[in-house]
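Student: Dropping in entry.txt, with compact mmCIF, C-alpha atoms and all ligand atoms.
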# COMPACT_ATOMS: atom_id res chain seq x y z
CA MET A 1 27.31 40.33 -51.21
CA ARG A 2 30.19 42.80 -51.14
CA ARG A 3 31.38 44.64 -54.17
CA ARG A 4 34.43 46.72 -54.71
CA LEU A 5 33.46 50.36 -54.92
CA PRO A 6 34.75 52.72 -57.55
CA ARG A 7 36.55 55.72 -56.15
CA VAL A 8 34.37 58.81 -56.31
CA ARG A 9 36.56 60.70 -58.71
CA GLU A 10 33.98 62.55 -60.69
CA ARG A 11 32.71 65.90 -59.56
CA GLY A 12 29.42 65.58 -57.75
CA GLY A 13 30.21 62.07 -56.48
CA ILE A 14 27.88 61.16 -53.68
CA PHE A 15 27.33 58.39 -51.19
CA LEU A 16 23.78 57.63 -50.18
CA ILE A 17 22.65 55.22 -47.56
CA VAL A 18 19.34 53.50 -47.75
CA VAL A 19 18.16 52.38 -44.33
CA MET A 20 15.84 49.40 -44.64
CA GLN A 21 12.88 48.88 -42.32
CA PRO A 22 13.59 46.37 -39.55
CA GLU A 23 11.01 43.97 -41.01
CA ALA A 24 12.35 44.22 -44.58
CA GLY A 25 13.45 40.86 -45.92
CA GLU A 26 15.88 39.55 -48.50
CA ARG A 27 13.47 40.23 -51.37
CA GLU A 28 13.10 43.94 -50.53
CA THR A 29 16.84 44.33 -50.02
CA ARG A 30 17.56 42.69 -53.35
CA GLY A 31 14.94 44.89 -55.00
CA VAL A 32 16.65 48.07 -53.78
CA CYS A 33 20.11 46.82 -54.78
CA GLU A 34 18.95 45.97 -58.29
CA TYR A 35 17.20 49.30 -58.63
CA LEU A 36 20.42 51.16 -57.66
CA GLU A 37 22.60 49.05 -59.91
CA LYS A 38 20.28 49.59 -62.84
CA ALA A 39 20.73 53.32 -62.27
CA GLY A 40 24.49 52.84 -62.63
CA LEU A 41 25.45 53.06 -58.96
CA ALA A 42 27.82 50.79 -57.04
CA VAL A 43 26.17 49.09 -54.12
CA HIS A 44 27.60 48.10 -50.75
CA LEU A 45 25.60 46.12 -48.22
CA SER A 46 25.92 46.33 -44.45
CA ARG A 47 23.82 43.81 -42.54
CA GLY A 48 23.44 44.93 -38.96
CA VAL A 49 21.85 43.04 -36.12
CA GLU A 50 18.70 45.14 -36.27
CA ARG A 51 18.55 46.31 -39.85
CA THR A 52 20.21 46.30 -43.23
CA ILE A 53 21.80 49.41 -44.67
CA ILE A 54 22.57 49.76 -48.36
CA GLY A 55 25.26 52.17 -49.49
CA ALA A 56 25.09 53.58 -53.02
CA ILE A 57 28.01 55.40 -54.51
CA GLY A 58 28.18 57.23 -57.80
CA ASP A 59 27.42 60.35 -59.71
CA ARG A 60 25.01 62.76 -58.10
CA ALA A 61 23.31 63.26 -61.46
CA LYS A 62 22.33 59.59 -61.62
CA LEU A 63 20.54 59.86 -58.31
CA GLY A 64 18.37 62.78 -59.28
CA GLY A 65 15.39 60.89 -60.62
CA LEU A 66 15.43 57.99 -58.21
CA ALA A 67 12.38 57.42 -56.07
CA LEU A 68 14.14 55.29 -53.50
CA GLU A 69 11.85 56.15 -50.64
CA ALA A 70 8.94 54.68 -52.61
CA LEU A 71 10.51 51.22 -52.86
CA PRO A 72 9.14 48.47 -50.61
CA GLY A 73 11.08 48.01 -47.37
CA VAL A 74 12.85 51.39 -47.44
CA GLU A 75 12.66 53.43 -44.25
CA LYS A 76 14.79 56.43 -45.17
CA VAL A 77 17.51 57.66 -47.45
CA VAL A 78 20.40 59.74 -46.10
CA ALA A 79 23.39 61.28 -47.88
CA ILE A 80 26.72 60.75 -46.13
CA LEU A 81 28.44 64.10 -46.27
CA ALA A 82 31.63 63.18 -44.41
CA PRO A 83 34.47 62.49 -46.86
CA TYR A 84 34.86 58.97 -45.49
CA LYS A 85 31.83 56.78 -46.11
CA LEU A 86 32.13 53.04 -45.49
CA VAL A 87 34.08 53.52 -42.26
CA SER A 88 31.59 56.05 -40.92
CA ARG A 89 29.22 55.35 -38.08
CA THR A 90 26.38 56.61 -40.27
CA PHE A 91 26.93 53.77 -42.71
CA ARG A 92 27.25 51.15 -40.00
CA PRO A 93 25.77 52.11 -36.64
CA GLU A 94 27.02 48.98 -34.82
CA ASP A 95 30.61 48.52 -33.68
CA THR A 96 32.63 46.38 -36.06
CA VAL A 97 34.25 43.36 -34.48
CA VAL A 98 37.26 42.27 -36.52
CA PRO A 99 37.91 38.52 -36.55
CA VAL A 100 41.59 37.56 -36.32
CA GLU A 101 41.93 33.78 -36.50
CA HIS A 102 40.33 32.52 -33.24
CA LEU A 103 40.35 36.00 -31.65
CA THR A 104 38.43 39.22 -32.20
CA VAL A 105 39.36 42.89 -31.97
CA GLY A 106 36.50 45.19 -30.99
CA GLY A 107 33.52 44.22 -28.92
CA ARG A 108 33.75 43.21 -25.28
CA THR A 109 37.24 41.72 -25.20
CA VAL A 110 40.25 44.00 -24.90
CA GLN A 111 43.22 42.68 -26.89
CA VAL A 112 46.77 43.37 -25.82
CA MET A 113 49.40 43.12 -28.56
CA ALA A 114 52.81 43.07 -26.92
CA GLY A 115 56.42 42.32 -27.70
CA PRO A 116 59.65 43.96 -28.72
CA CYS A 117 59.93 46.82 -31.16
CA ALA A 118 62.05 44.68 -33.45
CA VAL A 119 62.79 41.01 -33.83
CA GLU A 120 66.50 41.01 -32.96
CA ASP A 121 67.43 37.34 -32.73
CA ARG A 122 65.79 33.99 -32.08
CA THR A 123 66.45 33.90 -28.32
CA GLN A 124 65.23 37.45 -27.72
CA LEU A 125 62.00 36.85 -29.63
CA LEU A 126 61.20 33.48 -28.03
CA GLU A 127 61.87 34.89 -24.56
CA ALA A 128 59.64 37.86 -25.33
CA ALA A 129 56.90 35.62 -26.69
CA HIS A 130 56.85 33.40 -23.61
CA LEU A 131 56.86 36.32 -21.24
CA VAL A 132 54.03 38.22 -22.93
CA ARG A 133 51.95 35.03 -23.08
CA GLU A 134 52.53 34.28 -19.41
CA ALA A 135 51.42 37.81 -18.59
CA GLY A 136 48.16 37.17 -20.48
CA ALA A 137 48.58 38.78 -23.92
CA ARG A 138 47.29 36.85 -26.94
CA ILE A 139 49.01 38.69 -29.77
CA LEU A 140 52.77 39.10 -30.23
CA ARG A 141 54.17 42.18 -31.91
CA GLY A 142 57.64 42.54 -33.40
CA GLY A 143 58.98 44.22 -36.50
CA ALA A 144 60.97 42.20 -39.02
CA PHE A 145 60.97 45.10 -41.50
CA LYS A 146 61.65 48.31 -39.58
CA PRO A 147 61.03 51.91 -40.67
CA ARG A 148 64.01 53.67 -39.06
CA SER A 149 64.65 57.40 -39.17
CA SER A 150 68.35 56.83 -39.72
CA PRO A 151 69.82 54.55 -42.39
CA TYR A 152 72.57 53.68 -39.89
CA SER A 153 70.16 52.24 -37.31
CA PHE A 154 69.29 48.53 -37.12
CA GLN A 155 66.92 47.91 -40.03
CA GLY A 156 65.40 44.61 -38.93
CA LEU A 157 66.09 40.96 -39.72
CA GLU A 158 63.60 40.95 -42.60
CA ALA A 159 62.77 37.40 -43.85
CA LYS A 160 64.70 35.75 -41.01
CA GLY A 161 62.71 37.83 -38.53
CA LEU A 162 59.47 36.53 -40.01
CA GLU A 163 60.73 32.96 -39.55
CA TYR A 164 61.41 33.64 -35.87
CA LEU A 165 57.93 35.11 -35.53
CA ALA A 166 56.48 31.93 -37.03
CA GLU A 167 58.50 29.85 -34.58
CA ALA A 168 57.28 31.98 -31.66
CA ARG A 169 53.71 31.60 -32.87
CA ALA A 170 54.05 27.81 -33.06
CA ALA A 171 55.70 27.63 -29.64
CA THR A 172 53.22 29.83 -27.78
CA GLY A 173 49.97 29.96 -29.76
CA LEU A 174 50.23 33.75 -29.86
CA LEU A 175 49.01 35.43 -33.04
CA ILE A 176 51.42 37.76 -34.84
CA VAL A 177 51.16 41.43 -35.76
CA THR A 178 54.07 42.72 -37.83
CA GLU A 179 54.72 45.66 -40.10
CA VAL A 180 54.62 45.62 -43.88
CA MET A 181 56.46 48.49 -45.52
CA ASP A 182 56.02 48.02 -49.24
CA ALA A 183 54.24 46.15 -52.01
CA LYS A 184 57.32 44.12 -52.84
CA THR A 185 57.48 42.39 -49.46
CA LEU A 186 53.69 42.28 -48.87
CA PRO A 187 53.19 38.70 -50.16
CA LEU A 188 55.98 37.44 -47.89
CA VAL A 189 54.82 39.37 -44.79
CA ALA A 190 51.22 38.29 -45.40
CA GLU A 191 52.33 34.64 -45.31
CA TYR A 192 53.48 35.06 -41.72
CA ALA A 193 51.37 37.83 -40.23
CA ASP A 194 47.97 37.31 -38.64
CA ILE A 195 47.58 41.11 -38.68
CA LEU A 196 49.38 43.36 -41.17
CA GLN A 197 50.62 46.53 -39.54
CA ILE A 198 50.75 49.72 -41.58
CA GLY A 199 53.14 51.95 -39.68
CA ALA A 200 52.56 55.60 -38.91
CA ARG A 201 54.95 56.70 -41.66
CA ASN A 202 53.01 54.76 -44.26
CA MET A 203 49.52 55.82 -43.23
CA GLN A 204 49.24 57.92 -46.36
CA ASN A 205 51.08 55.57 -48.69
CA PHE A 206 47.93 55.21 -50.74
CA TYR A 207 49.29 52.59 -53.11
CA LEU A 208 50.27 50.39 -50.19
CA LEU A 209 46.81 50.91 -48.68
CA ARG A 210 45.27 49.72 -51.95
CA ASP A 211 47.58 46.71 -51.92
CA VAL A 212 46.65 45.58 -48.41
CA ALA A 213 43.00 46.11 -49.34
CA ARG A 214 43.38 43.14 -51.67
CA VAL A 215 44.87 40.82 -49.03
CA ASP A 216 42.66 38.63 -46.89
CA LYS A 217 44.28 39.62 -43.57
CA PRO A 218 43.23 42.17 -40.95
CA VAL A 219 45.11 45.46 -41.10
CA LEU A 220 46.31 47.50 -38.12
CA LEU A 221 46.39 51.06 -39.43
CA LYS A 222 48.52 53.33 -37.27
CA ARG A 223 47.80 57.04 -37.23
CA GLY A 224 50.36 59.17 -39.04
CA PRO A 225 52.45 61.42 -36.77
CA SER A 226 50.84 64.52 -38.32
CA ALA A 227 47.55 63.10 -39.50
CA THR A 228 44.20 64.53 -38.56
CA VAL A 229 41.43 62.16 -37.55
CA GLU A 230 39.78 62.80 -40.92
CA GLU A 231 42.93 61.91 -42.87
CA TRP A 232 43.34 58.78 -40.78
CA LEU A 233 39.74 57.71 -41.48
CA LEU A 234 40.22 58.42 -45.19
CA SER A 235 43.20 56.07 -45.17
CA ALA A 236 41.00 53.45 -43.54
CA GLU A 237 38.44 54.16 -46.26
CA TYR A 238 41.04 53.24 -48.91
CA ILE A 239 41.40 49.80 -47.36
CA VAL A 240 37.71 49.13 -46.77
CA SER A 241 36.58 50.48 -50.15
CA GLY A 242 39.33 48.46 -51.79
CA GLY A 243 37.74 45.27 -50.49
CA ASN A 244 39.16 44.63 -47.01
CA PRO A 245 36.71 45.43 -44.20
CA ARG A 246 39.01 44.14 -41.43
CA VAL A 247 40.64 47.40 -40.34
CA ILE A 248 41.78 48.15 -36.79
CA LEU A 249 42.82 51.74 -36.06
CA CYS A 250 45.77 52.48 -33.76
CA GLU A 251 46.44 55.81 -32.07
CA ARG A 252 50.19 56.10 -31.51
CA GLY A 253 50.80 59.75 -30.70
CA ILE A 254 51.07 62.81 -32.86
CA ARG A 255 53.80 65.39 -33.25
CA THR A 256 53.25 68.56 -31.25
CA PHE A 257 55.40 71.35 -29.76
CA GLU A 258 55.96 69.20 -26.65
CA SER A 259 59.36 67.59 -26.75
CA TYR A 260 59.64 66.03 -23.30
CA THR A 261 57.71 63.02 -24.57
CA ARG A 262 58.48 61.41 -27.94
CA ASN A 263 55.00 62.24 -29.26
CA THR A 264 51.79 63.49 -27.70
CA LEU A 265 49.43 60.59 -27.16
CA ASP A 266 46.08 61.85 -28.40
CA LEU A 267 43.63 59.93 -26.25
CA THR A 268 40.82 62.21 -27.36
CA ALA A 269 41.06 60.27 -30.63
CA VAL A 270 39.49 57.26 -28.93
CA PRO A 271 36.04 58.72 -28.15
CA VAL A 272 36.19 60.80 -31.34
CA ILE A 273 36.81 57.72 -33.50
CA LYS A 274 34.14 55.81 -31.60
CA HIS A 275 31.70 58.58 -32.46
CA LEU A 276 32.67 58.98 -36.12
CA SER A 277 33.46 55.39 -37.07
CA HIS A 278 32.38 51.83 -36.36
CA LEU A 279 35.94 50.49 -36.61
CA PRO A 280 37.77 49.24 -33.53
CA VAL A 281 40.51 51.48 -32.17
CA ILE A 282 43.49 50.47 -30.07
CA VAL A 283 46.18 52.63 -28.44
CA ASP A 284 49.97 52.37 -28.52
CA PRO A 285 51.23 54.30 -25.49
CA SER A 286 54.82 53.09 -26.07
CA HIS A 287 55.39 55.11 -29.26
CA GLY A 288 52.95 57.75 -28.05
CA ILE A 289 55.14 58.66 -25.09
CA GLY A 290 58.53 57.12 -25.75
CA LYS A 291 59.40 56.67 -22.07
CA TRP A 292 58.55 53.41 -20.30
CA ARG A 293 57.81 55.12 -16.98
CA TYR A 294 54.63 56.73 -18.29
CA VAL A 295 53.40 53.81 -20.37
CA PRO A 296 51.33 52.05 -17.66
CA ALA A 297 49.39 55.20 -16.72
CA MET A 298 48.50 55.93 -20.34
CA ALA A 299 47.64 52.29 -21.03
CA ARG A 300 45.13 52.44 -18.17
CA ALA A 301 43.83 55.80 -19.41
CA ALA A 302 43.39 54.39 -22.92
CA LEU A 303 41.29 51.55 -21.60
CA ALA A 304 39.20 53.94 -19.52
CA ALA A 305 38.68 56.11 -22.62
CA GLY A 306 37.16 53.13 -24.45
CA ALA A 307 40.05 51.66 -26.43
CA ASP A 308 39.52 48.15 -27.78
CA GLY A 309 43.08 47.12 -27.12
CA LEU A 310 46.66 48.16 -26.56
CA LEU A 311 49.95 47.82 -28.40
CA ILE A 312 52.79 47.70 -25.90
CA GLU A 313 56.51 47.30 -26.36
CA VAL A 314 58.08 44.79 -23.99
CA HIS A 315 61.66 43.54 -24.10
CA PRO A 316 63.34 40.83 -22.02
CA ARG A 317 66.23 43.29 -21.42
CA PRO A 318 65.23 46.83 -22.49
CA ALA A 319 68.73 48.19 -21.82
CA ALA A 320 70.10 45.89 -24.51
CA ALA A 321 67.36 46.53 -27.08
CA LEU A 322 68.45 47.40 -30.61
CA CYS A 323 65.40 49.58 -31.04
CA ASP A 324 63.14 51.57 -28.69
CA GLY A 325 64.64 50.27 -25.44
CA PRO A 326 63.76 53.49 -23.52
CA GLN A 327 60.05 52.95 -24.12
CA SER A 328 60.00 49.17 -23.60
CA LEU A 329 58.63 47.65 -20.42
CA THR A 330 60.62 45.05 -18.51
CA PRO A 331 58.98 41.65 -18.03
CA GLU A 332 58.16 42.56 -14.40
CA ASN A 333 56.59 45.90 -15.32
CA PHE A 334 54.56 44.29 -18.08
CA HIS A 335 53.25 41.61 -15.71
CA ALA A 336 52.26 44.29 -13.19
CA LEU A 337 50.53 46.33 -15.89
CA MET A 338 48.55 43.32 -17.14
CA ASP A 339 47.37 42.63 -13.58
CA ASP A 340 46.22 46.24 -13.28
CA LEU A 341 44.51 46.14 -16.67
CA ARG A 342 42.61 42.97 -15.79
CA GLY A 343 41.09 44.69 -12.76
CA LEU A 344 40.32 47.82 -14.75
CA ALA A 345 38.75 45.85 -17.61
CA ARG A 346 36.50 44.05 -15.12
CA PHE A 347 35.45 47.41 -13.65
CA LEU A 348 34.67 48.67 -17.17
CA GLY A 349 32.58 45.58 -17.95
CA ARG A 350 35.08 44.18 -20.42
CA ASP A 351 37.23 41.06 -20.60
CA LEU A 352 40.96 40.98 -21.00
C1 LIG B 1 56.12 50.09 -34.53
O1 LIG B 1 55.02 49.87 -33.99
O2 LIG B 1 57.02 49.28 -34.58
C2 LIG B 1 56.36 51.42 -35.14
C3 LIG B 1 57.42 51.62 -35.93
O3 LIG B 1 55.47 52.34 -34.79
P1 LIG B 1 55.00 53.67 -35.57
O4 LIG B 1 54.75 53.28 -36.98
O5 LIG B 1 53.75 54.03 -34.82
O6 LIG B 1 56.09 54.67 -35.39
MN MN B 2 59.15 50.70 -31.70
How does the structure come out when it is put into structure tokens?
Ligand code: PEP
Ligand code: MN
Tutor:
Amino acid sequence: MRRRLPRVRERGGIFLIVVMQPEAGERETRGVCEYLEKAGLAVHLSRGVERTIIGAIGDRAKLGGLALEALPGVEKVVAILAPYKLVSRTFRPEDTVVPVEHLTVGGRTVQVMAGPCAVEDRTQLLEAAHLVREAGARILRGGAFKPRSSPYSFQGLEAKGLEYLAEARAATGLLIVTEVMDAKTLPLVAEYADILQIGARNMQNFYLLRDVARVDKPVLLKRGPSATVEEWLLSAEYIVSGGNPRVILCERGIRTFESYTRNTLDLTAVPVIKHLSHLPVIVDPSHGIGKWRYVPAMARAALAAGADGLLIEVHPRPAAALCDGPQSLTPENFHALMDDLRGLARFLGRDL
């Protein structure tokens, strides 16, 4: 029973959560929902393993006279004060595990999404797909639509690139994560992608966020290069409140005064997100650092910090890459990293 929530536009908008008693049943839960709806509030249900939480969003004035705590089955009522609501840990205390076809992101298993920055040609992509699968990854990355800083750089193969991704998927069984850049190409990208990637530059493209909220595909939401954690979570809130709960966050480095590395990988974001939100968070050390030499160390550090997965650029021949060669691992280095990560995951009590 999920309903799309209205945006809290009006002054005094508030989000309340009603925590149900562990022994409360369907009848009590329904009673509270009906009571809130009758008062003109939008209701959002979160059924946890231990207890049900009901979110109520609307005008503060409408909540004034409500005697929620007196209703049967209600344990307590708390106002969520953080600007993000549905993605907050207060609303859903348990970790969210995002289903992606036969796989999951979040929970015990660490997912590695690996592949080239861009789909360049059929041979390159198929080679990359086979090598990342042999090394143990289950999700193939590769951009068909590329957000490039310069209009003179390689812009991606677009529709043809998606066809190669589909061929690689069929040949290897890997699932596909690929970037969607605008509403116009969203239906096409969504036909091919198992996970829709919103790139760092589009993290605050609010209309695009609303569009992917209406698609029944998980979304990998990369952190904007200058976005605070709160802004990033608010972008996630757009997607979840718009009707798509399958959001995976991805830390990919932020812009700081340091120029030796491409960005500054903010690994503090991992425990911070884990504290503030129930959504899974993965780390992209490739874009975070921009130099392949440091990628393995930061991939291991990300896992140790509690990341639910990694996004890693790998190219069959990085020196010949049309995009992001300097940060791409060679097949040998990627194999070695995956071996390391398997041992580390075991030590951390996780599977890889
Ligand atoms: C990418 O992952 O291909 C990419 C362009 O990354 P970002 O949006 O993080 O720069
Ligand atoms: Mn790249």
Student: Just the residues within 7 Å of stretch 73-80 of chain A, please, counting all atoms listed in the file, with nothing from its chain fewer than 3 positions along; format it as a list of chain:residue names.
Tutor: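 In the requested form, the answer reads A:Phe15, A:Leu16, A:Ile17, A:Val18, A:Val19, A:Met20, A:Gln21, A:Ala24, A:Glu28, A:Glu69, A:Lys85.
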Student: Can you measure atom CA of A:Cys250 to atom CA of A:Ala319 for me? One decimal in Å is fine.
Tutor: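 About the pair atom CA of A:Cys250 and atom CA of A:Ala319: they are 26.2 Å apart.
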Student: Would you please work out which residue, of A:Lys146, A:Arg108, A:Arg300, A:Arg255, is nearest to ligand MN 2 (chain B) when using only C-alpha atoms and all ligand atoms?
Tutor: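 Selected residue with least distance to ligand MN 2 (chain B): A:Lys146.
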Student: Measuring between all atoms listed in the file, which one of A:Ala82, A:Leu329, A:Leu322, A:Ile176 shows the shortest distance to A:Arg148?
Tutor: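 Among the listed residues, the smallest separation from A:Arg148 belongs to A:Leu322.
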Student: Find the residue from A:Val314, A:Leu234, A:Val105, A:Ala159 that sits nearest to A:Asn205; use all atoms listed in the file when measuring.
Tutor: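 Of the candidates, the smallest distance to A:Asn205 is held by A:Leu234.
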Student: Counting only C-alpha atoms and all ligand atoms, name the residues that have an atom within 6 Å of an atom of ligand LIG 1 (chain B); the answer should be given as a list in words.
Tutor: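 The distance check yields Cys117, Gly143, Pro147, Gly199, Ala200, Arg201, Lys222, Arg252 and His287 of chain A.
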Student: Check which residues of stretch 242-310 of chain A sit at most 10 Å from stretch 349-352 of chain A using all atoms listed in the file, and return one row each with the closest pair of atoms and their distance in Å to one decimal, ordered by chain and rising number, as CSV.
Tutor:
residue,atom,partner,partner_atom,distance
A:Leu303,CA,A:Arg350,CA,9.7
A:Asp308,CA,A:Arg350,CA,9.5
A:Gly309,CA,A:Leu352,CA,8.9
Student: Tell me, counting all atoms listed in the file, for each residue of chain A within 9 Å of ligand MN 2 (chain B), which pair of atoms is nearest and how far apart they are in Å to one decimal, in rows ordered by chain and increasing number, as JSON lines.
Tutor:
{"residue": "A:Pro116", "atom": "CA", "partner": "B:MN2", "partner_atom": "MN", "distance": 7.4}
{"residue": "A:Cys117", "atom": "CA", "partner": "B:MN2", "partner_atom": "MN", "distance": 4.0}
{"residue": "A:Ala118", "atom": "CA", "partner": "B:MN2", "partner_atom": "MN", "distance": 6.9}
{"residue": "A:Gly142", "atom": "CA", "partner": "B:MN2", "partner_atom": "MN", "distance": 8.5}
{"residue": "A:Gly143", "atom": "CA", "partner": "B:MN2", "partner_atom": "MN", "distance": 8.1}
{"residue": "A:Lys146", "atom": "CA", "partner": "B:MN2", "partner_atom": "MN", "distance": 8.6}
{"residue": "A:Ser286", "atom": "CA", "partner": "B:MN2", "partner_atom": "MN", "distance": 7.5}
{"residue": "A:His287", "atom": "CA", "partner": "B:MN2", "partner_atom": "MN", "distance": 6.3}
{"residue": "A:Gly290", "atom": "CA", "partner": "B:MN2", "partner_atom": "MN", "distance": 8.8}
{"residue": "A:Glu313", "atom": "CA", "partner": "B:MN2", "partner_atom": "MN", "distance": 6.9}
{"residue": "A:Cys323", "atom": "CA", "partner": "B:MN2", "partner_atom": "MN", "distance": 6.4}
{"residue": "A:Asp324", "atom": "CA", "partner": "B:MN2", "partner_atom": "MN", "distance": 5.1}
{"residue": "A:Gly325", "atom": "CA", "partner": "B:MN2", "partner_atom": "MN", "distance": 8.3}
{"residue": "A:Gln327", "atom": "CA", "partner": "B:MN2", "partner_atom": "MN", "distance": 8.0}
{"residue": "A:Ser328", "atom": "CA", "partner": "B:MN2", "partner_atom": "MN", "distance": 8.3}
Student: When distances are computed from only C-alpha atoms, which of A:Arg317, A:Tyr260, A:Glu37, A:Leu311 shows the smallest separation from A:Ala137?
Tutor: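 Smallest separation from A:Ala137 among the options: A:Leu311.
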Student: Go through A:Ala269, A:Ala227, A:Leu186, A:Leu220 one by one, measure the shortest atom-to-atom distance of each to A:Tyr207 using only C-alpha atoms, and give the residue with the smallest value.
Tutor: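 Among A:Ala269, A:Ala227, A:Leu186, A:Leu220, it is A:Leu186 that comes nearest to A:Tyr207.
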Student: Between atom CA of A:Val229 and atom CA of A:Val272, what is the distance, to one decimal in Å?
Tutor: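 Computing the Euclidean distance for atom CA of A:Val229 and atom CA of A:Val272 yields 8.2 Å.
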Student: In Å, rounded to a single decimal, give me how far atom CA of A:Asn244 is from atom CA of A:Val215.
Tutor: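 Answer for the atom CA of A:Val215 to atom CA of A:Asn244 separation: 7.2 Å.
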